>>> print(open('entry-v2.cif').read())   # mmCIF, C-alpha atoms and all ligand atoms
data_query
loop_
_atom_site.label_atom_id
_atom_site.label_comp_id
_atom_site.auth_asym_id
_atom_site.auth_seq_id
_atom_site.Cartn_x
_atom_site.Cartn_y
_atom_site.Cartn_z
CA MET S 1 107.32 52.74 84.42
CA ILE S 2 107.89 56.49 84.56
CA GLU S 3 109.06 58.43 81.50
CA ASN S 4 111.01 61.67 81.79
CA ASN S 5 112.23 60.83 85.28
CA ARG S 6 114.69 63.37 86.72
CA LYS S 7 116.32 63.58 90.13
CA THR S 8 115.00 66.63 91.98
CA ASN S 9 114.26 67.88 95.49
CA ARG S 10 111.22 69.89 94.42
CA GLN S 11 107.89 69.18 96.12
CA ARG S 12 106.16 66.29 94.38
CA VAL S 13 102.54 66.09 93.32
CA THR S 14 100.64 63.63 91.14
CA VAL S 15 97.68 64.47 88.91
CA LEU S 16 95.33 61.70 87.72
CA GLY S 17 93.08 62.78 84.84
CA LEU S 18 94.22 65.13 82.10
CA GLY S 19 91.00 66.38 80.60
CA LYS S 20 90.56 70.12 80.15
CA MET S 21 90.68 70.77 83.89
CA GLY S 22 93.29 68.14 84.86
CA ARG S 23 95.69 69.50 82.21
CA ALA S 24 95.25 73.00 83.65
CA LEU S 25 95.92 71.74 87.20
CA ALA S 26 99.06 69.84 86.18
CA GLY S 27 100.21 72.82 84.08
CA ALA S 28 99.81 75.21 87.02
CA PHE S 29 101.88 72.92 89.27
CA LEU S 30 104.62 72.79 86.62
CA THR S 31 104.59 76.57 86.24
CA LYS S 32 104.90 76.97 90.02
CA GLY S 33 107.95 74.68 90.10
CA PHE S 34 106.51 71.41 91.45
CA HIS S 35 107.85 68.00 90.42
CA VAL S 36 104.71 66.71 88.70
CA THR S 37 103.79 63.13 87.82
CA VAL S 38 100.75 62.60 85.61
CA TRP S 39 98.60 59.71 84.43
CA ASN S 40 95.64 59.70 82.06
CA ARG S 41 93.57 56.77 80.76
CA ASN S 42 94.18 57.95 77.19
CA PRO S 43 97.99 58.38 77.11
CA ASP S 44 97.85 60.76 74.11
CA LYS S 45 96.87 63.57 76.49
CA THR S 46 100.13 63.24 78.49
CA ARG S 47 102.42 64.42 75.66
CA VAL S 48 102.06 68.18 76.19
CA LEU S 49 102.69 67.84 79.91
CA MET S 50 105.72 65.62 79.37
CA GLU S 51 107.10 68.31 77.04
CA GLY S 52 106.44 70.81 79.85
CA GLY S 53 108.54 68.74 82.26
CA ALA S 54 106.08 66.33 83.90
CA ASP S 55 106.90 62.69 84.54
CA VAL S 56 104.39 60.39 82.84
CA ALA S 57 103.43 57.23 84.73
CA SER S 58 102.35 54.20 82.77
CA ASN S 59 99.63 53.29 85.27
CA PRO S 60 97.81 54.95 88.18
CA GLU S 61 99.56 52.87 90.87
CA ILE S 62 102.99 54.14 89.78
CA ALA S 63 101.61 57.67 89.55
CA ILE S 64 100.20 57.58 93.10
CA ARG S 65 103.39 56.09 94.56
CA ALA S 66 105.48 58.89 92.97
CA SER S 67 104.15 61.58 95.38
CA THR S 68 102.63 61.88 98.84
CA THR S 69 99.76 63.95 97.41
CA THR S 70 97.62 62.95 94.43
CA ILE S 71 95.07 65.23 92.79
CA ILE S 72 92.22 63.42 91.00
CA CYS S 73 90.31 65.30 88.30
CA VAL S 74 88.22 63.00 86.12
CA SER S 75 84.60 63.24 84.99
CA ASP S 76 83.03 62.13 88.29
CA TYR S 77 83.40 59.80 91.30
CA GLN S 78 82.30 56.77 89.27
CA ALA S 79 85.22 57.34 86.88
CA SER S 80 87.53 57.70 89.91
CA MET S 81 86.41 54.35 91.31
CA GLN S 82 87.17 52.72 87.97
CA ILE S 83 90.75 53.96 88.37
CA PHE S 84 91.01 52.62 91.94
CA HIS S 85 89.18 49.31 91.43
CA SER S 86 92.32 47.12 91.29
CA GLU S 87 93.88 46.09 94.60
CA SER S 88 97.34 47.28 93.50
CA VAL S 89 96.07 50.82 92.88
CA ALA S 90 93.97 50.83 96.06
CA SER S 91 96.93 49.67 98.17
CA ALA S 92 99.06 52.57 96.87
CA ILE S 93 96.80 54.99 98.79
CA LYS S 94 98.11 53.90 102.20
CA GLY S 95 99.87 56.77 103.99
CA ARG S 96 99.11 59.21 101.17
CA VAL S 97 96.72 62.12 100.66
CA LEU S 98 94.20 62.17 97.82
CA VAL S 99 92.58 65.46 96.81
CA GLN S 100 89.43 64.65 94.88
CA LEU S 101 88.59 67.56 92.55
CA SER S 102 86.21 65.60 90.31
CA SER S 103 82.59 66.72 90.61
CA GLY S 104 80.12 64.58 92.55
CA THR S 105 77.34 64.56 95.10
CA ALA S 106 77.68 64.82 98.87
CA LYS S 107 76.88 61.10 99.09
CA ASP S 108 79.63 60.29 96.54
CA ALA S 109 82.16 62.30 98.58
CA ARG S 110 81.21 60.72 101.91
CA SER S 111 81.37 57.16 100.61
CA PHE S 112 84.70 57.84 98.82
CA ASP S 113 86.05 59.23 102.12
CA THR S 114 85.01 56.06 103.96
CA TRP S 115 86.69 53.94 101.28
CA VAL S 116 89.95 55.96 101.19
CA THR S 117 90.14 55.89 105.00
CA SER S 118 89.62 52.10 104.97
CA LYS S 119 92.68 51.86 102.69
CA GLY S 120 94.82 53.89 105.12
CA GLY S 121 94.79 57.14 103.13
CA GLU S 122 93.54 60.67 103.82
CA LEU S 123 91.05 62.45 101.59
CA LEU S 124 90.22 66.07 100.84
CA THR S 125 87.30 66.71 98.51
CA GLY S 126 87.04 69.90 96.54
CA GLY S 127 85.08 71.92 94.06
CA ILE S 128 86.60 74.17 91.43
CA ALA S 129 84.93 77.49 90.67
CA ALA S 130 86.98 78.48 87.64
CA TRP S 131 87.50 77.82 83.97
CA PRO S 132 90.65 75.87 83.10
CA ASN S 133 92.42 79.04 81.85
CA GLN S 134 91.93 80.67 85.28
CA ILE S 135 93.66 77.84 87.18
CA GLY S 136 96.87 79.04 88.84
CA THR S 137 95.64 82.66 88.84
CA SER S 138 94.01 84.88 91.45
CA GLU S 139 90.67 84.47 89.60
CA ALA S 140 90.31 80.77 90.54
CA PHE S 141 88.40 79.72 93.67
CA ILE S 142 88.55 76.23 95.15
CA THR S 143 86.49 74.96 98.08
CA ILE S 144 87.96 72.09 100.10
CA ALA S 145 86.30 69.82 102.65
CA GLY S 146 87.96 67.32 104.94
CA ARG S 147 89.99 67.03 108.12
CA MET S 148 91.45 70.40 109.11
CA ASN S 149 94.90 69.02 109.94
CA VAL S 150 95.12 67.45 106.46
CA PHE S 151 93.92 70.67 104.84
CA ASN S 152 96.56 72.67 106.73
CA GLN S 153 99.27 70.28 105.47
CA GLN S 154 98.08 70.64 101.86
CA LYS S 155 97.15 74.33 101.84
CA ASP S 156 100.40 75.65 100.31
CA LEU S 157 100.25 73.05 97.55
CA LEU S 158 96.60 73.83 96.78
CA GLN S 159 97.32 77.56 96.67
CA ALA S 160 99.41 76.89 93.55
CA LEU S 161 96.07 76.22 91.82
CA ALA S 162 93.88 79.11 92.92
CA GLY S 163 94.04 82.56 94.44
CA THR S 164 91.41 81.49 96.97
CA VAL S 165 91.41 78.05 98.57
CA SER S 166 88.67 77.92 101.17
CA HIS S 167 88.16 75.17 103.76
CA VAL S 168 84.38 74.69 104.05
CA GLY S 169 84.17 72.07 106.78
CA GLU S 170 85.35 68.67 107.95
CA ASP S 171 82.33 66.82 106.53
CA PRO S 172 83.70 65.36 103.26
CA GLY S 173 80.35 66.13 101.58
CA ALA S 174 80.44 69.87 102.35
CA SER S 175 82.30 70.93 99.23
CA ALA S 176 79.97 68.95 96.94
CA VAL S 177 76.96 70.64 98.57
CA LEU S 178 78.40 74.09 97.85
CA THR S 179 79.63 73.16 94.36
CA ASN S 180 76.20 71.86 93.36
CA ALA S 181 74.52 74.87 95.00
CA ALA S 182 76.78 77.14 92.94
CA MET S 183 75.95 75.12 89.81
CA ALA S 184 72.22 75.69 90.44
CA TYR S 185 72.89 79.43 90.70
CA LEU S 186 75.11 79.56 87.60
CA ALA S 187 72.88 77.38 85.43
CA GLY S 188 69.89 79.57 86.34
CA ASN S 189 71.91 82.57 85.12
CA TRP S 190 72.94 80.80 81.91
CA ILE S 191 69.36 79.85 81.01
CA GLY S 192 68.19 83.35 81.92
CA PHE S 193 70.89 84.91 79.75
CA CYS S 194 69.93 82.75 76.78
CA HIS S 195 66.25 83.66 77.15
CA GLY S 196 67.25 87.34 77.24
CA ALA S 197 69.35 86.74 74.11
CA LEU S 198 66.25 85.28 72.38
CA LEU S 199 64.34 88.46 73.15
CA CYS S 200 67.17 90.59 71.70
CA GLU S 201 67.51 88.40 68.59
CA SER S 202 63.77 88.55 67.95
CA GLU S 203 64.07 92.35 67.62
CA GLY S 204 67.35 92.31 65.67
CA MET S 205 69.23 93.69 68.68
CA ARG S 206 72.86 92.73 69.42
CA VAL S 207 73.36 89.95 71.97
CA ASP S 208 76.94 91.12 72.68
CA GLU S 209 75.50 94.50 73.74
CA PHE S 210 73.09 92.63 76.05
CA GLY S 211 76.14 90.79 77.49
CA LYS S 212 77.85 94.13 78.17
CA LEU S 213 74.69 95.46 79.80
CA MET S 214 74.57 92.45 82.14
CA GLU S 215 78.26 92.87 82.94
CA GLY S 216 77.29 96.26 84.31
CA PHE S 217 74.83 94.49 86.65
CA SER S 218 77.58 92.39 88.23
CA THR S 219 78.00 94.50 91.38
CA MET S 220 74.24 94.55 91.91
CA LEU S 221 74.05 90.78 91.40
CA SER S 222 76.78 90.04 93.92
CA ILE S 223 75.15 92.29 96.53
CA GLU S 224 71.85 90.53 95.75
CA ALA S 225 73.36 87.07 96.33
CA ARG S 226 74.64 88.07 99.77
CA HIS S 227 71.29 89.74 100.57
CA MET S 228 69.25 86.65 99.61
CA GLY S 229 71.51 84.45 101.73
CA GLU S 230 70.98 86.68 104.77
CA VAL S 231 67.21 86.98 104.23
CA ILE S 232 66.79 83.19 104.00
CA GLN S 233 69.25 82.37 106.81
CA LYS S 234 67.67 84.93 109.20
CA ASP S 235 64.05 84.45 108.06
CA ARG S 236 63.72 88.16 107.14
CA PHE S 237 61.08 87.83 104.42
CA ASN S 238 58.99 90.62 105.95
CA GLU S 239 61.52 93.38 105.17
CA PRO S 240 61.12 93.34 101.35
CA LYS S 241 63.02 95.45 98.84
CA THR S 242 60.52 94.10 96.35
CA THR S 243 57.67 91.67 96.89
CA VAL S 244 56.74 88.26 95.49
CA GLU S 245 53.64 89.93 94.02
CA THR S 246 55.60 92.62 92.14
CA VAL S 247 58.02 90.07 90.66
CA ALA S 248 55.11 87.73 89.78
CA ASN S 249 53.53 90.60 87.78
CA ASP S 250 56.85 91.34 86.03
CA LEU S 251 57.25 87.66 85.12
CA ALA S 252 53.73 87.54 83.67
CA LEU S 253 54.84 90.41 81.40
CA LEU S 254 58.00 88.47 80.46
CA LEU S 255 55.85 85.45 79.53
CA ARG S 256 53.45 87.59 77.46
CA HIS S 257 56.36 89.38 75.73
CA SER S 258 57.89 85.97 74.84
CA GLN S 259 54.53 84.70 73.54
CA GLU S 260 53.99 87.86 71.47
CA ALA S 261 57.44 87.34 69.92
CA SER S 262 56.64 83.62 69.27
CA LEU S 263 59.66 82.52 71.36
CA ASN S 264 60.31 79.41 73.43
CA THR S 265 58.40 79.97 76.70
CA GLU S 266 59.82 77.16 78.89
CA LEU S 267 61.75 79.47 81.21
CA PRO S 268 59.12 82.21 81.71
CA THR S 269 56.43 79.54 82.20
CA LEU S 270 58.50 77.93 84.98
CA LEU S 271 59.16 81.31 86.62
CA VAL S 272 55.49 82.33 86.46
CA SER S 273 54.55 78.96 87.95
CA ILE S 274 56.93 79.22 90.94
CA PHE S 275 56.07 82.84 91.78
CA GLY S 276 52.37 82.08 91.21
CA LYS S 277 52.52 79.27 93.77
CA ALA S 278 54.14 81.67 96.25
CA VAL S 279 51.33 84.23 95.68
CA ASP S 280 48.68 81.50 96.10
CA ALA S 281 50.37 80.35 99.32
CA GLY S 282 49.93 83.85 100.79
CA TYR S 283 53.55 85.09 100.49
CA HIS S 284 52.65 87.89 98.04
CA LYS S 285 53.65 90.76 100.36
CA GLU S 286 56.94 89.12 101.40
CA GLY S 287 60.36 89.64 99.80
CA HIS S 288 61.09 87.75 96.57
CA ALA S 289 63.37 85.26 98.36
CA ALA S 290 60.18 83.88 99.97
CA ILE S 291 59.76 81.64 96.92
CA ILE S 292 62.13 79.30 98.79
CA LYS S 293 59.16 78.38 100.99
CA VAL S 294 57.46 76.96 97.87
CA LEU S 295 60.67 75.30 96.66
CA ARG S 296 61.19 73.61 100.06
CA THR S 297 58.27 71.34 99.23
CA ALA S 298 59.71 68.25 97.53
CA LEU S 299 57.67 67.20 94.47
P1 LIG S 301 87.00 66.34 80.39
O1 LIG S 301 87.83 67.27 79.59
O2 LIG S 301 85.81 65.71 79.77
O3 LIG S 301 87.98 65.18 80.93
C1 LIG S 301 87.47 64.07 81.60
C2 LIG S 301 88.63 63.31 82.20
O4 LIG S 301 88.09 62.17 82.92
C3 LIG S 301 89.62 62.76 81.16
O5 LIG S 301 90.92 62.77 81.71
C4 LIG S 301 89.11 61.31 81.01
O6 LIG S 301 90.09 60.42 80.55
C5 LIG S 301 88.77 61.01 82.46
N1 LIG S 301 87.91 59.85 82.60
C6 LIG S 301 86.58 59.76 82.33
N2 LIG S 301 86.12 58.51 82.60
C7 LIG S 301 87.18 57.81 83.06
C8 LIG S 301 87.34 56.48 83.51
N3 LIG S 301 86.32 55.61 83.56
N4 LIG S 301 88.59 56.09 83.92
C9 LIG S 301 89.63 56.96 83.86
N5 LIG S 301 89.54 58.23 83.45
C10 LIG S 301 88.32 58.66 83.06
O7 LIG S 301 86.46 67.04 81.73
P2 LIG S 301 87.12 68.26 82.53
O8 LIG S 301 86.58 69.52 81.98
O9 LIG S 301 88.58 68.06 82.64
O10 LIG S 301 86.42 68.06 83.96
C11 LIG S 301 86.98 67.19 84.94
C12 LIG S 301 86.28 67.47 86.26
O11 LIG S 301 86.50 68.85 86.62
C13 LIG S 301 84.76 67.24 86.18
O12 LIG S 301 84.32 66.62 87.37
C14 LIG S 301 84.22 68.66 86.06
O13 LIG S 301 82.92 68.78 86.60
C15 LIG S 301 85.24 69.43 86.90
N6 LIG S 301 85.27 70.86 86.53
C16 LIG S 301 85.53 71.22 85.25
C17 LIG S 301 85.49 72.58 84.92
C18 LIG S 301 85.77 73.05 83.51
O14 LIG S 301 85.58 74.23 83.23
N7 LIG S 301 86.22 72.20 82.61
C19 LIG S 301 85.22 73.55 85.91
C20 LIG S 301 84.99 73.12 87.22
C21 LIG S 301 85.00 71.78 87.53
P3 LIG S 301 90.31 60.17 78.97
O15 LIG S 301 91.08 61.36 78.49
O16 LIG S 301 91.04 58.90 78.91
O17 LIG S 301 88.93 60.11 78.35
#
>>> encode(input="entry-v2.cif", output="structure tokens", more="lines below")
Ligand code: NAP
Amino acid sequence: MIENNRKTNRQRVTVLGLGKMGRALAGAFLTKGFHVTVWNRNPDKTRVLMEGGADVASNPEIAIRASTTTIICVSDYQASMQIFHSESVASAIKGRVLVQLSSGTAKDARSFDTWVTSKGGELLTGGIAAWPNQIGTSEAFITIAGRMNVFNQQKDLLQALAGTVSHVGEDPGASAVLTNAAMAYLAGNWIGFCHGALLCESEGMRVDEFGKLMEGFSTMLSIEARHMGEVIQKDRFNEPKTTVETVANDLALLLRHSQEASLNTELPTLLVSIFGKAVDAGYHKEGHAAIIKVLRTAL
């Protein structure tokens, strides 16, 4: 059963999953004039979207059959498979395109692709680099993996969600690789920021001023990310801007400063350990990105 059904010629899209991100995706489609059908396990979360003009399906099969394209945005791939486990829902995929925007691993994405294909559907897998409030704006960035012809068919629809929608390869796992790589980068920054905040707090200094200071580093950080990528890709560790040895010394100071201030030392201890291993391995005169040679060794 579909509530709020209206006759319309607008392009149709279905969104399964109305958590913080799914609600933002469905909301952006509504704002951009799509005919949106939604379904969520907990039906309470559908009310706001229904008031905004979405059709609310009473089960996922009806939701999928309402459009040729269905966006999935639930916690992870395991949650997605719980939605698709019944034969009636699985059979609704035939001849339709699913765009999986739930987070997962490359293995999750590849096995979901095999399963969707076996049911006669097409799959694109994606990663969202945005907060929910940025969805539908030029600030949002979405990576998409999957067959190029399917991506080309869906590109206009996906551009309703993000200023940049980038196809990253036909391997269905490619987007998960990049999303998890970006998560590693971001989480490292978050932990680093919080350790910096501890140092400020310990001296009664304002953490919001520290945040503003780091905002001023943003251009330098983006140049640095591109530089590290090129150094590692092209094996250019012998053209250092700074060396492993110099950074190792700076990190020893960070650890001692944290100890002197009686702060948590988990992060500086880890950093000293990684750079120390790189020094011990003989990379001390190479550029700081050479720590990847230590990290390449699986524990
Ligand atoms: P959320 O607010 O916690 O919502 C989770 C959604 O998953 C809800 O709709 C929930 O349904 C549904 N769900 C969980 N288990 C389910 C199951 N077994 N069967 C059916 N539905 C199930 O999470 P979110 O922030 O929207 O994130 C959704 C995805 O977007 C995640 O993969 C996340 O990594 C990704 N993402 C989020 C952000 C962000 O800033 N929020 C940014 C980038 C990517 P109920 O409402 O019924 O519980």
>>> residues_near_ligand(input="entry-v2.cif", ligand="ligand LIG 301 (chain S)", cutoff="6 Å", atoms="all atoms listed in the file", output="PyMOL selection string")
chain S and resi 17-22+40-42+73-76+79+82-83+102-103+128-132
>>> residues_around(input="entry-v2.cif", residues="range 250-256 of chain S", least_positions_apart="5", cutoff="10 Å", atoms="only C-alpha atoms", output="ChimeraX atom specification")
/S:196,199,244-245,261-273,275-276
>>> atom_distance(input="entry-v2.cif", atom1="CA of Ile291 in chain S", atom2="CA of Val207 in chain S")
29.6 Å
>>> residues_near_point(input="entry-v2.cif", point="(95.8, 65.7, 92.9)", cutoff="8 Å", atoms="only C-alpha atoms", output="list in words")
Val13, Thr14, Val15, Leu16, Thr69, Thr70, Ile71, Ile72, Cys73, Leu98, Val99, Gln100 and Leu101 of chain S
>>> closest_residue(input="entry-v2.cif", among="S:Leu157, S:Leu124, S:Val150, S:Val294", to="Gly33 in chain S", atoms="all atoms listed in the file")
S:Leu157
>>> closest_residue(input="entry-v2.cif", among="S:Gly287, S:Lys119, S:Ala160, S:Met148", to="Leu30 in chain S", atoms="all atoms listed in the file")
S:Ala160
>>> residues_around(input="entry-v2.cif", residues="Ile93 in chain S", least_positions_apart="2", cutoff="8 Å", atoms="only C-alpha atoms", output="ChimeraX atom specification")
/S:64-65,89-91,95-98,116,119-121
>>> residues_around(input="entry-v2.cif", residues="Ile135 in chain S", least_positions_apart="4", cutoff="12 Å", atoms="only C-alpha atoms", output="PDB file with C-alpha atoms, in the frame of the given file")
ATOM      1  CA  LYS S  20      90.560  70.120  80.150  1.00  0.00           C
ATOM      2  CA  MET S  21      90.680  70.770  83.890  1.00  0.00           C
ATOM      3  CA  GLY S  22      93.290  68.140  84.860  1.00  0.00           C
ATOM      4  CA  ARG S  23      95.690  69.500  82.210  1.00  0.00           C
ATOM      5  CA  ALA S  24      95.250  73.000  83.650  1.00  0.00           C
ATOM      6  CA  LEU S  25      95.920  71.740  87.200  1.00  0.00           C
ATOM      7  CA  ALA S  26      99.060  69.840  86.180  1.00  0.00           C
ATOM      8  CA  GLY S  27     100.210  72.820  84.080  1.00  0.00           C
ATOM      9  CA  ALA S  28      99.810  75.210  87.020  1.00  0.00           C
ATOM     10  CA  PHE S  29     101.880  72.920  89.270  1.00  0.00           C
ATOM     11  CA  THR S  31     104.590  76.570  86.240  1.00  0.00           C
ATOM     12  CA  LYS S  32     104.900  76.970  90.020  1.00  0.00           C
ATOM     13  CA  ILE S 128      86.600  74.170  91.430  1.00  0.00           C
ATOM     14  CA  ALA S 129      84.930  77.490  90.670  1.00  0.00           C
ATOM     15  CA  ALA S 130      86.980  78.480  87.640  1.00  0.00           C
ATOM     16  CA  TRP S 131      87.500  77.820  83.970  1.00  0.00           C
ATOM     17  CA  GLU S 139      90.670  84.470  89.600  1.00  0.00           C
ATOM     18  CA  ALA S 140      90.310  80.770  90.540  1.00  0.00           C
ATOM     19  CA  PHE S 141      88.400  79.720  93.670  1.00  0.00           C
ATOM     20  CA  ILE S 142      88.550  76.230  95.150  1.00  0.00           C
ATOM     21  CA  LEU S 158      96.600  73.830  96.780  1.00  0.00           C
ATOM     22  CA  GLN S 159      97.320  77.560  96.670  1.00  0.00           C
ATOM     23  CA  ALA S 160      99.410  76.890  93.550  1.00  0.00           C
ATOM     24  CA  LEU S 161      96.070  76.220  91.820  1.00  0.00           C
ATOM     25  CA  ALA S 162      93.880  79.110  92.920  1.00  0.00           C
ATOM     26  CA  GLY S 163      94.040  82.560  94.440  1.00  0.00           C
ATOM     27  CA  THR S 164      91.410  81.490  96.970  1.00  0.00           C
ATOM     28  CA  VAL S 165      91.410  78.050  98.570  1.00  0.00           C
TER      29      VAL S 165
END
>>> atom_distance(input="entry-v2.cif", atom1="CA of Ile223 in chain S", atom2="CA of Thr246 in chain S")
20.0 Å
>>> axis_aligned_box(input="entry-v2.cif", around="range 61-67 of chain S", padding_each_side="3 Å", output="JSON")
{"center_x": 102.5, "center_y": 57.2, "center_z": 92.5, "size_x": 11.9, "size_y": 14.7, "size_z": 11.8}
>>> closest_residue(input="entry-v2.cif", among="S:Gln233, S:Glu203, S:Thr243, S:Phe151", to="Gly282 in chain S", atoms="all atoms listed in the file")
S:Thr243
>>> residues_around(input="entry-v2.cif", residues="Leu221 in chain S", least_positions_apart="5", cutoff="12 Å", atoms="all atoms listed in the file", output="PyMOL selection string")
chain S and resi 185-186+189+214-216+226-228
>>> atom_distance(input="entry-v2.cif", atom1="CA of Phe112 in chain S", atom2="CA of Tyr77 in chain S")
7.9 Å
